[in-house]
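Q: The following file, work_16.cif, comprises mmCIF, C-alpha atoms:
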data_work
#
loop_
_atom_site.group_PDB
_atom_site.id
_atom_site.type_symbol
_atom_site.label_atom_id
_atom_site.label_comp_id
_atom_site.auth_asym_id
_atom_site.auth_seq_id
_atom_site.Cartn_x
_atom_site.Cartn_y
_atom_site.Cartn_z
ATOM 1 C CA MET A 1 -66.685 98.885 -60.575
ATOM 2 C CA GLU A 2 -66.648 95.317 -61.922
ATOM 3 C CA THR A 3 -64.545 94.507 -64.976
ATOM 4 C CA VAL A 4 -66.038 95.757 -68.236
ATOM 5 C CA LYS A 5 -65.258 93.721 -71.346
ATOM 6 C CA THR A 6 -63.744 95.829 -74.129
ATOM 7 C CA ASN A 7 -66.285 96.998 -76.748
ATOM 8 C CA SER A 8 -69.078 95.057 -75.017
ATOM 9 C CA PRO A 9 -72.696 96.267 -74.888
ATOM 10 C CA LYS A 10 -72.105 97.271 -71.279
ATOM 11 C CA ALA A 11 -69.092 99.323 -72.336
ATOM 12 C CA TRP A 12 -71.161 101.173 -74.926
ATOM 13 C CA MET A 13 -73.927 101.765 -72.401
ATOM 14 C CA LEU A 14 -71.432 103.333 -70.017
ATOM 15 C CA ALA A 15 -69.943 105.437 -72.823
ATOM 16 C CA ALA A 16 -73.375 106.685 -73.889
ATOM 17 C CA ARG A 17 -73.963 107.949 -70.315
ATOM 18 C CA PRO A 18 -77.761 107.490 -70.300
ATOM 19 C CA LYS A 19 -78.141 109.633 -67.163
ATOM 20 C CA THR A 20 -77.258 112.689 -69.265
ATOM 21 C CA LEU A 21 -80.314 112.140 -71.481
ATOM 22 C CA THR A 22 -82.389 114.133 -69.001
ATOM 23 C CA ALA A 23 -80.639 117.251 -70.333
ATOM 24 C CA ALA A 24 -81.784 116.331 -73.841
ATOM 25 C CA ALA A 25 -85.357 115.574 -72.739
ATOM 26 C CA ILE A 26 -86.076 118.780 -70.804
ATOM 27 C CA PRO A 27 -86.111 121.290 -73.703
ATOM 28 C CA VAL A 28 -88.059 118.943 -75.968
ATOM 29 C CA MET A 29 -90.678 118.507 -73.220
ATOM 30 C CA ALA A 30 -90.981 122.290 -72.978
ATOM 31 C CA GLY A 31 -91.340 122.633 -76.748
ATOM 32 C CA CYS A 32 -94.024 119.940 -76.823
ATOM 33 C CA ALA A 33 -95.910 121.594 -73.941
ATOM 34 C CA LEU A 34 -95.888 124.924 -75.770
ATOM 35 C CA ALA A 35 -97.124 123.262 -78.961
ATOM 36 C CA TYR A 36 -99.895 121.634 -76.920
ATOM 37 C CA ILE A 37 -101.190 124.843 -75.339
ATOM 38 C CA TYR A 38 -101.267 126.621 -78.695
ATOM 39 C CA GLY A 39 -103.093 123.711 -80.341
ATOM 40 C CA HIS A 40 -100.267 122.479 -82.574
ATOM 41 C CA PHE A 41 -99.037 119.323 -80.843
ATOM 42 C CA GLN A 42 -98.378 116.305 -83.094
ATOM 43 C CA THR A 43 -97.169 112.953 -81.797
ATOM 44 C CA VAL A 44 -94.937 111.806 -84.673
ATOM 45 C CA PRO A 45 -92.746 114.928 -84.967
ATOM 46 C CA ALA A 46 -92.568 115.050 -81.154
ATOM 47 C CA VAL A 47 -91.154 111.507 -81.123
ATOM 48 C CA PHE A 48 -88.641 112.442 -83.824
ATOM 49 C CA CYS A 49 -87.575 115.493 -81.803
ATOM 50 C CA PHE A 50 -86.931 113.327 -78.737
ATOM 51 C CA LEU A 51 -84.994 110.784 -80.825
ATOM 52 C CA PHE A 52 -82.848 113.474 -82.439
ATOM 53 C CA ALA A 53 -82.122 115.084 -79.069
ATOM 54 C CA PHE A 54 -81.187 111.745 -77.478
ATOM 55 C CA LEU A 55 -78.965 110.709 -80.388
ATOM 56 C CA MET A 56 -77.180 114.074 -80.421
ATOM 57 C CA GLN A 57 -76.591 113.856 -76.664
ATOM 58 C CA ILE A 58 -75.117 110.362 -76.999
ATOM 59 C CA ASP A 59 -73.078 111.484 -80.008
ATOM 60 C CA SER A 60 -71.667 114.408 -78.024
ATOM 61 C CA ASN A 61 -70.817 112.110 -75.119
ATOM 62 C CA LEU A 62 -68.919 109.740 -77.421
ATOM 63 C CA ILE A 63 -67.090 112.588 -79.177
ATOM 64 C CA ASN A 64 -66.081 114.175 -75.868
ATOM 65 C CA ASP A 65 -64.967 110.796 -74.529
ATOM 66 C CA LEU A 66 -62.732 110.167 -77.526
ATOM 67 C CA PHE A 67 -61.167 113.576 -78.021
ATOM 68 C CA ASP A 68 -60.627 114.353 -74.339
ATOM 69 C CA PHE A 69 -58.778 111.035 -74.190
ATOM 70 C CA LEU A 70 -56.701 111.876 -77.267
ATOM 71 C CA LYS A 71 -55.858 115.283 -75.787
ATOM 72 C CA GLY A 72 -54.743 113.618 -72.573
ATOM 73 C CA SER A 73 -57.380 115.439 -70.498
ATOM 74 C CA ASP A 74 -58.737 112.228 -68.924
ATOM 75 C CA ARG A 75 -55.867 111.580 -66.543
ATOM 76 C CA GLU A 76 -55.671 109.385 -63.450
ATOM 77 C CA ASP A 77 -56.669 112.354 -61.282
ATOM 78 C CA ARG A 78 -60.040 112.673 -63.053
ATOM 79 C CA LEU A 79 -62.819 113.329 -60.513
ATOM 80 C CA GLY A 80 -65.885 112.908 -62.716
ATOM 81 C CA PRO A 81 -67.553 109.718 -63.969
ATOM 82 C CA GLU A 82 -65.094 107.377 -65.656
ATOM 83 C CA ARG A 83 -64.655 107.669 -69.407
ATOM 84 C CA ALA A 84 -64.790 104.659 -71.736
ATOM 85 C CA CYS A 85 -61.639 105.288 -73.797
ATOM 86 C CA ALA A 86 -59.544 106.277 -70.805
ATOM 87 C CA GLN A 87 -60.600 103.113 -68.971
ATOM 88 C CA GLY A 88 -59.994 100.895 -71.987
ATOM 89 C CA TRP A 89 -63.636 99.857 -72.173
ATOM 90 C CA ILE A 90 -63.816 100.938 -75.809
ATOM 91 C CA THR A 91 -60.916 101.077 -78.246
ATOM 92 C CA VAL A 92 -60.188 104.274 -80.166
ATOM 93 C CA LYS A 93 -61.009 102.580 -83.481
ATOM 94 C CA ALA A 94 -64.342 101.269 -82.172
ATOM 95 C CA MET A 95 -65.216 104.665 -80.689
ATOM 96 C CA LYS A 96 -64.618 106.360 -84.039
ATOM 97 C CA THR A 97 -66.929 103.817 -85.682
ATOM 98 C CA GLY A 98 -69.546 104.396 -82.970
ATOM 99 C CA ILE A 99 -69.409 108.151 -83.531
ATOM 100 C CA VAL A 100 -69.909 107.703 -87.288
ATOM 101 C CA ILE A 101 -72.918 105.429 -86.713
ATOM 102 C CA THR A 102 -74.518 107.683 -84.079
ATOM 103 C CA THR A 103 -73.943 110.788 -86.211
ATOM 104 C CA GLY A 104 -75.514 109.002 -89.182
ATOM 105 C CA LEU A 105 -78.562 107.953 -87.162
ATOM 106 C CA ALA A 106 -79.027 111.505 -85.863
ATOM 107 C CA ALA A 107 -78.782 112.847 -89.412
ATOM 108 C CA ALA A 108 -81.376 110.294 -90.598
ATOM 109 C CA VAL A 109 -83.826 111.335 -87.873
ATOM 110 C CA GLY A 110 -83.120 114.973 -88.753
ATOM 111 C CA LEU A 111 -84.067 114.269 -92.377
ATOM 112 C CA CYS A 112 -87.381 112.833 -91.179
ATOM 113 C CA LEU A 113 -88.034 116.111 -89.347
ATOM 114 C CA LEU A 114 -87.712 117.997 -92.644
ATOM 115 C CA CYS A 115 -91.110 116.546 -93.585
ATOM 116 C CA TYR A 116 -92.618 118.570 -90.747
ATOM 117 C CA GLY A 117 -90.323 121.548 -90.235
ATOM 118 C CA GLY A 118 -89.386 122.279 -93.835
ATOM 119 C CA TRP A 119 -86.042 122.824 -95.543
ATOM 120 C CA GLU A 120 -85.234 125.712 -93.198
ATOM 121 C CA MET A 121 -84.386 123.067 -90.601
ATOM 122 C CA ILE A 122 -81.327 121.922 -92.602
ATOM 123 C CA PRO A 123 -78.950 124.651 -91.310
ATOM 124 C CA VAL A 124 -80.101 123.932 -87.747
ATOM 125 C CA GLY A 125 -79.397 120.228 -88.083
ATOM 126 C CA ILE A 126 -75.991 120.880 -89.641
ATOM 127 C CA ALA A 127 -75.143 123.304 -86.814
ATOM 128 C CA CYS A 128 -76.043 120.665 -84.201
ATOM 129 C CA LEU A 129 -73.784 118.093 -85.861
ATOM 130 C CA VAL A 130 -70.885 120.495 -86.481
ATOM 131 C CA PHE A 131 -70.849 121.998 -82.991
ATOM 132 C CA ALA A 132 -71.008 118.541 -81.400
ATOM 133 C CA PHE A 133 -67.518 118.092 -82.868
ATOM 134 C CA LEU A 134 -66.248 121.645 -82.412
ATOM 135 C CA TYR A 135 -66.982 121.456 -78.678
ATOM 136 C CA THR A 136 -63.835 119.403 -78.012
ATOM 137 C CA THR A 137 -62.140 119.073 -81.428
ATOM 138 C CA GLY A 138 -60.471 121.218 -84.036
ATOM 139 C CA PRO A 139 -57.804 123.920 -83.727
ATOM 140 C CA TYR A 140 -60.033 125.939 -81.364
ATOM 141 C CA PRO A 141 -62.012 123.482 -79.181
ATOM 142 C CA LEU A 142 -64.810 125.637 -77.778
ATOM 143 C CA ALA A 143 -65.061 123.844 -74.417
ATOM 144 C CA TYR A 144 -61.406 124.621 -73.773
ATOM 145 C CA HIS A 145 -61.894 128.353 -74.330
ATOM 146 C CA GLY A 146 -64.848 129.045 -72.043
ATOM 147 C CA TRP A 147 -67.650 128.864 -74.633
ATOM 148 C CA GLY A 148 -69.410 125.876 -73.069
ATOM 149 C CA ASP A 149 -72.012 127.903 -71.177
ATOM 150 C CA ILE A 150 -73.063 129.882 -74.271
ATOM 151 C CA LEU A 151 -73.322 126.677 -76.281
ATOM 152 C CA VAL A 152 -75.567 125.140 -73.622
ATOM 153 C CA LEU A 153 -77.928 128.120 -73.842
ATOM 154 C CA VAL A 154 -78.096 127.720 -77.613
ATOM 155 C CA PHE A 155 -78.091 123.939 -78.057
ATOM 156 C CA PHE A 156 -80.015 122.963 -74.911
ATOM 157 C CA GLY A 157 -82.267 126.017 -74.913
ATOM 158 C CA PHE A 158 -83.167 127.944 -78.028
ATOM 159 C CA ILE A 159 -82.569 125.248 -80.635
ATOM 160 C CA PRO A 160 -84.336 122.248 -79.023
ATOM 161 C CA VAL A 161 -87.219 124.194 -77.454
ATOM 162 C CA GLY A 162 -87.693 126.492 -80.444
ATOM 163 C CA CYS A 163 -87.288 123.847 -83.117
ATOM 164 C CA THR A 164 -89.536 121.336 -81.342
ATOM 165 C CA TYR A 165 -92.223 123.998 -81.302
ATOM 166 C CA TYR A 166 -91.451 125.147 -84.837
ATOM 167 C CA VAL A 167 -91.715 121.740 -86.529
ATOM 168 C CA MET A 168 -95.271 121.494 -85.195
ATOM 169 C CA ALA A 169 -96.439 125.115 -85.300
ATOM 170 C CA HIS A 170 -94.235 126.757 -87.974
ATOM 171 C CA ASP A 171 -94.108 129.757 -85.696
ATOM 172 C CA TRP A 172 -92.136 131.384 -82.883
ATOM 173 C CA ASN A 173 -93.366 133.627 -80.067
ATOM 174 C CA THR A 174 -92.171 135.231 -76.839
ATOM 175 C CA ALA A 175 -93.322 132.252 -74.761
ATOM 176 C CA VAL A 176 -90.977 130.047 -76.804
ATOM 177 C CA THR A 177 -88.119 132.481 -76.220
ATOM 178 C CA MET A 178 -88.650 132.580 -72.448
ATOM 179 C CA ALA A 179 -89.035 128.799 -72.166
ATOM 180 C CA SER A 180 -85.856 128.371 -74.239
ATOM 181 C CA LEU A 181 -83.956 130.720 -71.955
ATOM 182 C CA ALA A 182 -85.275 128.993 -68.821
ATOM 183 C CA CYS A 183 -84.299 125.523 -70.078
ATOM 184 C CA GLY A 184 -80.865 126.661 -71.246
ATOM 185 C CA LEU A 185 -80.111 128.331 -67.922
ATOM 186 C CA VAL A 186 -81.226 125.415 -65.767
ATOM 187 C CA ILE A 187 -79.329 122.859 -67.864
ATOM 188 C CA ASP A 188 -76.213 125.012 -67.669
ATOM 189 C CA THR A 189 -76.162 124.316 -63.915
ATOM 190 C CA LEU A 190 -75.061 120.785 -64.851
ATOM 191 C CA LEU A 191 -72.094 122.099 -66.815
ATOM 192 C CA MET A 192 -71.271 124.573 -64.058
ATOM 193 C CA VAL A 193 -71.048 121.920 -61.340
ATOM 194 C CA ASN A 194 -68.880 119.791 -63.645
ATOM 195 C CA ASN A 195 -66.543 122.723 -64.198
ATOM 196 C CA PHE A 196 -66.573 123.578 -60.492
ATOM 197 C CA ARG A 197 -65.555 120.026 -59.586
ATOM 198 C CA ASP A 198 -62.868 119.804 -62.295
ATOM 199 C CA ARG A 199 -61.426 123.315 -61.925
ATOM 200 C CA GLN A 200 -57.943 122.197 -60.829
ATOM 201 C CA GLN A 201 -57.644 119.449 -63.439
ATOM 202 C CA ASP A 202 -59.034 121.760 -66.157
ATOM 203 C CA ALA A 203 -56.444 124.411 -65.301
ATOM 204 C CA ILE A 204 -53.666 121.821 -65.749
ATOM 205 C CA SER A 205 -55.197 120.662 -69.067
ATOM 206 C CA GLY A 206 -55.478 124.224 -70.365
ATOM 207 C CA LYS A 207 -59.264 124.147 -70.331
ATOM 208 C CA ARG A 208 -60.246 127.768 -69.649
ATOM 209 C CA THR A 209 -63.790 127.382 -68.308
ATOM 210 C CA LEU A 210 -65.495 130.252 -66.501
ATOM 211 C CA VAL A 211 -64.647 128.626 -63.166
ATOM 212 C CA VAL A 212 -60.977 128.375 -64.113
ATOM 213 C CA ARG A 213 -60.980 132.001 -65.305
ATOM 214 C CA PHE A 214 -62.822 133.568 -62.386
ATOM 215 C CA GLY A 215 -62.349 131.126 -59.528
ATOM 216 C CA ALA A 216 -64.332 128.695 -57.388
ATOM 217 C CA ARG A 217 -66.376 131.364 -55.594
ATOM 218 C CA ALA A 218 -67.540 132.816 -58.912
ATOM 219 C CA GLY A 219 -68.467 129.310 -60.082
ATOM 220 C CA LEU A 220 -70.571 128.734 -56.987
ATOM 221 C CA VAL A 221 -72.350 132.077 -57.399
ATOM 222 C CA LEU A 222 -72.951 131.439 -61.094
ATOM 223 C CA TYR A 223 -74.344 127.985 -60.319
ATOM 224 C CA PHE A 224 -76.910 129.495 -57.961
ATOM 225 C CA LEU A 225 -77.765 132.402 -60.275
ATOM 226 C CA LEU A 226 -78.380 130.117 -63.254
ATOM 227 C CA GLY A 227 -81.117 128.253 -61.370
ATOM 228 C CA LEU A 228 -82.554 131.459 -59.954
ATOM 229 C CA LEU A 229 -82.715 133.175 -63.362
ATOM 230 C CA ALA A 230 -84.364 130.090 -64.874
ATOM 231 C CA CYS A 231 -87.142 130.406 -62.294
ATOM 232 C CA TRP A 232 -87.458 134.142 -62.880
ATOM 233 C CA CYS A 233 -87.945 133.529 -66.619
ATOM 234 C CA CYS A 234 -91.074 131.559 -65.742
ATOM 235 C CA PHE A 235 -92.779 134.680 -64.404
ATOM 236 C CA TYR A 236 -93.423 135.662 -68.024
ATOM 237 C CA PHE A 237 -96.024 132.922 -68.334
ATOM 238 C CA ILE A 238 -98.436 134.795 -66.077
ATOM 239 C CA LEU A 239 -98.878 137.136 -69.049
ATOM 240 C CA ILE A 240 -100.272 134.318 -71.191
ATOM 241 C CA GLY A 241 -102.607 133.076 -68.478
ATOM 242 C CA LYS A 242 -100.471 130.193 -67.234
ATOM 243 C CA PRO A 243 -100.021 130.790 -63.477
ATOM 244 C CA PHE A 244 -99.079 127.154 -62.804
ATOM 245 C CA ALA A 245 -96.092 127.573 -65.167
ATOM 246 C CA VAL A 246 -94.950 130.302 -62.777
ATOM 247 C CA VAL A 247 -95.693 128.644 -59.439
ATOM 248 C CA LEU A 248 -94.679 125.005 -60.027
ATOM 249 C CA PRO A 249 -91.083 125.651 -61.200
ATOM 250 C CA GLN A 250 -90.445 127.582 -57.970
ATOM 251 C CA ILE A 251 -90.494 124.199 -56.178
ATOM 252 C CA TYR A 252 -87.265 123.503 -58.035
ATOM 253 C CA LEU A 253 -85.731 126.652 -56.552
ATOM 254 C CA LEU A 254 -86.023 125.274 -53.012
ATOM 255 C CA LEU A 255 -84.097 122.138 -53.984
ATOM 256 C CA HIS A 256 -81.587 124.239 -55.922
ATOM 257 C CA ILE A 257 -80.867 126.342 -52.829
ATOM 258 C CA PHE A 258 -80.259 123.225 -50.716
ATOM 259 C CA THR A 259 -77.997 121.733 -53.404
ATOM 260 C CA THR A 260 -76.029 124.983 -53.705
ATOM 261 C CA ALA A 261 -75.431 124.964 -49.933
ATOM 262 C CA LYS A 262 -74.171 121.369 -50.102
ATOM 263 C CA MET A 263 -71.944 122.265 -53.041
ATOM 264 C CA ALA A 264 -70.397 125.142 -51.073
ATOM 265 C CA LYS A 265 -69.813 122.870 -48.073
ATOM 266 C CA ILE A 266 -68.156 120.062 -50.070
ATOM 267 C CA ASN A 267 -66.172 122.546 -52.191
ATOM 268 C CA HIS A 268 -63.831 120.087 -53.904
ATOM 269 C CA GLY A 269 -63.150 116.430 -54.577
ATOM 270 C CA LYS A 270 -65.037 113.397 -55.889
ATOM 271 C CA GLU A 271 -67.819 113.962 -53.371
ATOM 272 C CA LEU A 272 -69.034 116.717 -55.710
ATOM 273 C CA ASN A 273 -70.360 113.917 -57.932
ATOM 274 C CA ARG A 274 -73.225 113.792 -55.400
ATOM 275 C CA ILE A 275 -73.983 117.384 -56.383
ATOM 276 C CA LEU A 276 -73.848 116.367 -60.032
ATOM 277 C CA GLY A 277 -76.528 113.762 -59.358
ATOM 278 C CA GLU A 278 -78.681 116.176 -57.360
ATOM 279 C CA THR A 279 -78.333 118.841 -60.063
ATOM 280 C CA SER A 280 -79.479 116.379 -62.727
ATOM 281 C CA ARG A 281 -82.461 115.419 -60.568
ATOM 282 C CA ASN A 282 -83.314 119.051 -59.826
ATOM 283 C CA MET A 283 -83.199 120.240 -63.405
ATOM 284 C CA PHE A 284 -85.308 117.298 -64.614
ATOM 285 C CA LEU A 285 -87.875 118.202 -61.975
ATOM 286 C CA PHE A 286 -87.793 121.776 -63.264
ATOM 287 C CA GLY A 287 -88.484 120.543 -66.791
ATOM 288 C CA LEU A 288 -91.381 118.365 -65.669
ATOM 289 C CA LEU A 289 -92.917 121.130 -63.545
ATOM 290 C CA LEU A 290 -92.571 123.699 -66.329
ATOM 291 C CA ALA A 291 -94.168 121.386 -68.912
ATOM 292 C CA LEU A 292 -96.955 120.441 -66.506
ATOM 293 C CA GLY A 293 -97.521 124.055 -65.517
ATOM 294 C CA LEU A 294 -97.847 125.098 -69.146
ATOM 295 C CA MET A 295 -100.392 122.373 -69.905
ATOM 296 C CA LEU A 296 -102.586 122.969 -66.828
#
Just dump the structure as structure tokens.

A:
Amino acid sequence: METVKTNSPKAWMLAARPKTLTAAAIPVMAGCALAYIYGHFQTVPAVFCFLFAFLMQIDSNLINDLFDFLKGSDREDRLGPERACAQGWITVKAMKTGIVITTGLAAAVGLCLLCYGGWEMIPVGIACLVFAFLYTTGPYPLAYHGWGDILVLVFFGFIPVGCTYYVMAHDWNTAVTMASLACGLVIDTLLMVNNFRDRQQDAISGKRTLVVRFGARAGLVLYFLLGLLACWCCFYFILIGKPFAVVLPQIYLLLHIFTTAKMAKINHGKELNRILGETSRNMFLFGLLLALGLML
């Protein structure tokens, strides 16, 4: 990679990791699609939901970048995408300032959502901000103790899908629950492939992910099962007269099977970043197909 000037716009762009925003977009798309089919869709709160999700994703990326660096987890043997603090692209002081600004912007957008969702959204917004820090910081960093997968289900499934729907409909139903579960499961494949790739480095750093605890074979099986279960969740939508929401997401499953086979073949090393890219593509396709299937 060409030289990146310290604290430059390019450095901040790399630190924000815009490719990860697909994970933030998927559940909001599902929530908007559900609001649409039940006759509650509103453009302004939908835009605010997307903004909040994007800002929280960027905020989490910056927080993880900083605190993994401070913990010494981003060593020279890192296999994943390069981190801004570890590479010297952004200074620690500047990163702390960036986190404060991004957190403040997310909080401001969250306050705007109160006009639509009501005061009951305050605890949800606080939880999003607090857990963004607790993931890699504090005396018990959750990512280092194997809680990452549960947090993905909650903060990339139930909270964004459910709250996007709630701020427009002021309601919750079984369709929202199943869509939340499907989105959380499919997005967790991204975390699983990260943990599969980094299993040896994580073990050295004391990061007890599920792959570190149960081994590479278990990680590969879990990766496949997460995508499969996400597709199975979609079968619920036949009960509400949405057959396309059942059929279209199954296209994702074909790609997921091919990607799982490639992942098993590669097994270890930086080449697994190809699987990371394919997983991101696959899960975004799943989100698009689910949203489209619900609206048809």

Q: Evaluated on this file, the PyMOL selection byres ((chain A and resi 257) around 12) picks out some residues - which ones are they, written as a ChimeraX atom specification?

A: /A:220-221,223-228,250-256,258-264,275,278-279,282

Q: Considering all atoms listed in the file, can you say which of A:Leu113, A:Leu62, A:Leu294, A:Cys85 comes closest to A:Thr136?

A: A:Leu62

Q: Restricting the calculation to only C-alpha atoms: of A:Trp119, A:Arg274, A:Cys234, A:Asn195, which residue gets closest to A:Leu289?

A: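 The shortest atom-to-atom distance to A:Leu289 comes from A:Cys234.
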
Q: Between A:Val167, A:Leu142, A:Lys5, A:Ala132, which residue has the minimum interatomic distance to A:Gln87, considering all atoms listed in the file?

A: A:Lys5

Q: Please, what distance in Å, to one decimal, runs between atom CA of A:Ala169 and atom CA of A:Gly117?

A: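 Result for atom CA of A:Ala169 versus atom CA of A:Gly117: 8.6 Å, one decimal.
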
Q: Nearest residue to A:Leu105 out of A:Val4, A:Ser280, A:Met56, A:Gly219, using all atoms listed in the file?

A: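 Smallest separation from A:Leu105 among the options: A:Met56.
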
Q: Which one of A:Ala23, A:Cys112, A:Pro81, A:Met121 sits closest to A:His170 if you count only C-alpha atoms?

A: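 Closest residue, counting only C-alpha atoms: A:Met121.
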
Q: Residues at most 10 Å from A:Phe235, counting all atoms listed in the file, excluding those fewer than 5 positions away in the same chain, as a short mmCIF file (atom, residue, chain, number, x, y, z; two decimals) with C-alpha atoms, keeping the file's coordinate frame?

A:
data_model
loop_
_atom_site.label_atom_id
_atom_site.label_comp_id
_atom_site.auth_asym_id
_atom_site.auth_seq_id
_atom_site.Cartn_x
_atom_site.Cartn_y
_atom_site.Cartn_z
CA MET A 178 -88.65 132.58 -72.45
CA ALA A 230 -84.36 130.09 -64.87
CA LYS A 242 -100.47 130.19 -67.23
CA PRO A 243 -100.02 130.79 -63.48
CA PHE A 244 -99.08 127.15 -62.80
CA ALA A 245 -96.09 127.57 -65.17
CA VAL A 246 -94.95 130.30 -62.78
CA VAL A 247 -95.69 128.64 -59.44
CA PRO A 249 -91.08 125.65 -61.20
CA GLN A 250 -90.44 127.58 -57.97
#

Q: Skipping near chain neighbours, those fewer than 6 positions away, what residues fall within 10 Å of stretch 99-101 of chain A using all atoms listed in the file, listed as a PDB file with C-alpha atoms, keeping the file's coordinate frame?

A:
ATOM      1  CA  ILE A  58     -75.117 110.362 -76.999  1.00  0.00           C
ATOM      2  CA  ASP A  59     -73.078 111.484 -80.008  1.00  0.00           C
ATOM      3  CA  SER A  60     -71.667 114.408 -78.024  1.00  0.00           C
ATOM      4  CA  ASN A  61     -70.817 112.110 -75.119  1.00  0.00           C
ATOM      5  CA  LEU A  62     -68.919 109.740 -77.421  1.00  0.00           C
ATOM      6  CA  ILE A  63     -67.090 112.588 -79.177  1.00  0.00           C
ATOM      7  CA  LEU A  66     -62.732 110.167 -77.526  1.00  0.00           C
ATOM      8  CA  ALA A 107     -78.782 112.847 -89.412  1.00  0.00           C
TER       9      ALA A 107
END

Q: Using only C-alpha atoms, which of the listed residues (A:Ile150, A:Ala46, A:Ile90, A:Ala182) sits closest to A:Trp12?

A: A:Ile90

Q: Around (-93.3, 125.7, -83.3), as given in the file, which residues come within 9 Å? Count only C-alpha atoms and list them as a list in words.

A: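 Checked against the point, the hits come out as Gly31, Cys32, Leu34, Ala35, His40, Phe41, Gly117, Val161, Gly162, Cys163, Thr164, Tyr165, Tyr166, Val167, Met168, Ala169, His170, Asp171, Trp172, Asn173 and Val176 of chain A.
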
Q: What does the distance from atom CA of A:Gly148 to atom CA of A:Gly184 come to in Å, to one decimal?

A: 11.6 Å

Q: Do you have the atom CA of A:Ala86-atom CA of A:Lys71 distance handy?

A: 10.9 Å

Q: Write out as a VMD selection string the residues lying within 10 Å of A:Val124, counting only C-alpha atoms and excluding same-chain residues fewer than 5 positions away.

A: chain A and resid 110 119 129 to 130 155 159 to 160 163

Q: Using the chain letters and residue numbers of this document, give as a list of chain:residue names the residues selected by the PyMOL selection byres ((chain A and resi 145) around 12).

A: A:Leu134, A:Tyr135, A:Thr136, A:Thr137, A:Pro139, A:Tyr140, A:Pro141, A:Leu142, A:Ala143, A:Tyr144, A:Gly146, A:Trp147, A:Gly148, A:Asp149, A:Ile150, A:Leu151, A:Asp202, A:Ala203, A:Ser205, A:Gly206, A:Lys207, A:Arg208, A:Thr209, A:Leu210, A:Val211, A:Val212, A:Arg213

Q: List, as a PyMOL selection string, every residue that the PyMOL selection byres ((chain A and resi 29) around 8) selects in the file provided.

A: chain A and resi 25-28+30-33+161+287-288+291

Q: For the residues selected in the previous step, produce a file with C-alpha atoms as a compact mmCIF listing (two decimals), keeping the file's coordinate frame.

A:
# COMPACT_ATOMS: atom_id res chain seq x y z
CA ALA A 25 -85.36 115.57 -72.74
CA ILE A 26 -86.08 118.78 -70.80
CA PRO A 27 -86.11 121.29 -73.70
CA VAL A 28 -88.06 118.94 -75.97
CA ALA A 30 -90.98 122.29 -72.98
CA GLY A 31 -91.34 122.63 -76.75
CA CYS A 32 -94.02 119.94 -76.82
CA ALA A 33 -95.91 121.59 -73.94
CA VAL A 161 -87.22 124.19 -77.45
CA GLY A 287 -88.48 120.54 -66.79
CA LEU A 288 -91.38 118.36 -65.67
CA ALA A 291 -94.17 121.39 -68.91

Q: Stretch 235-246 of chain A, all listed atoms, 3 Å padding on each side: what axis-aligned box centre and edge lengths in Å to one decimal come out, as lines of an AutoDock Vina configuration file?

A:
center_x = -97.7
center_y = 132.1
center_z = -67.0
size_x = 15.8
size_y = 16.0
size_z = 14.4
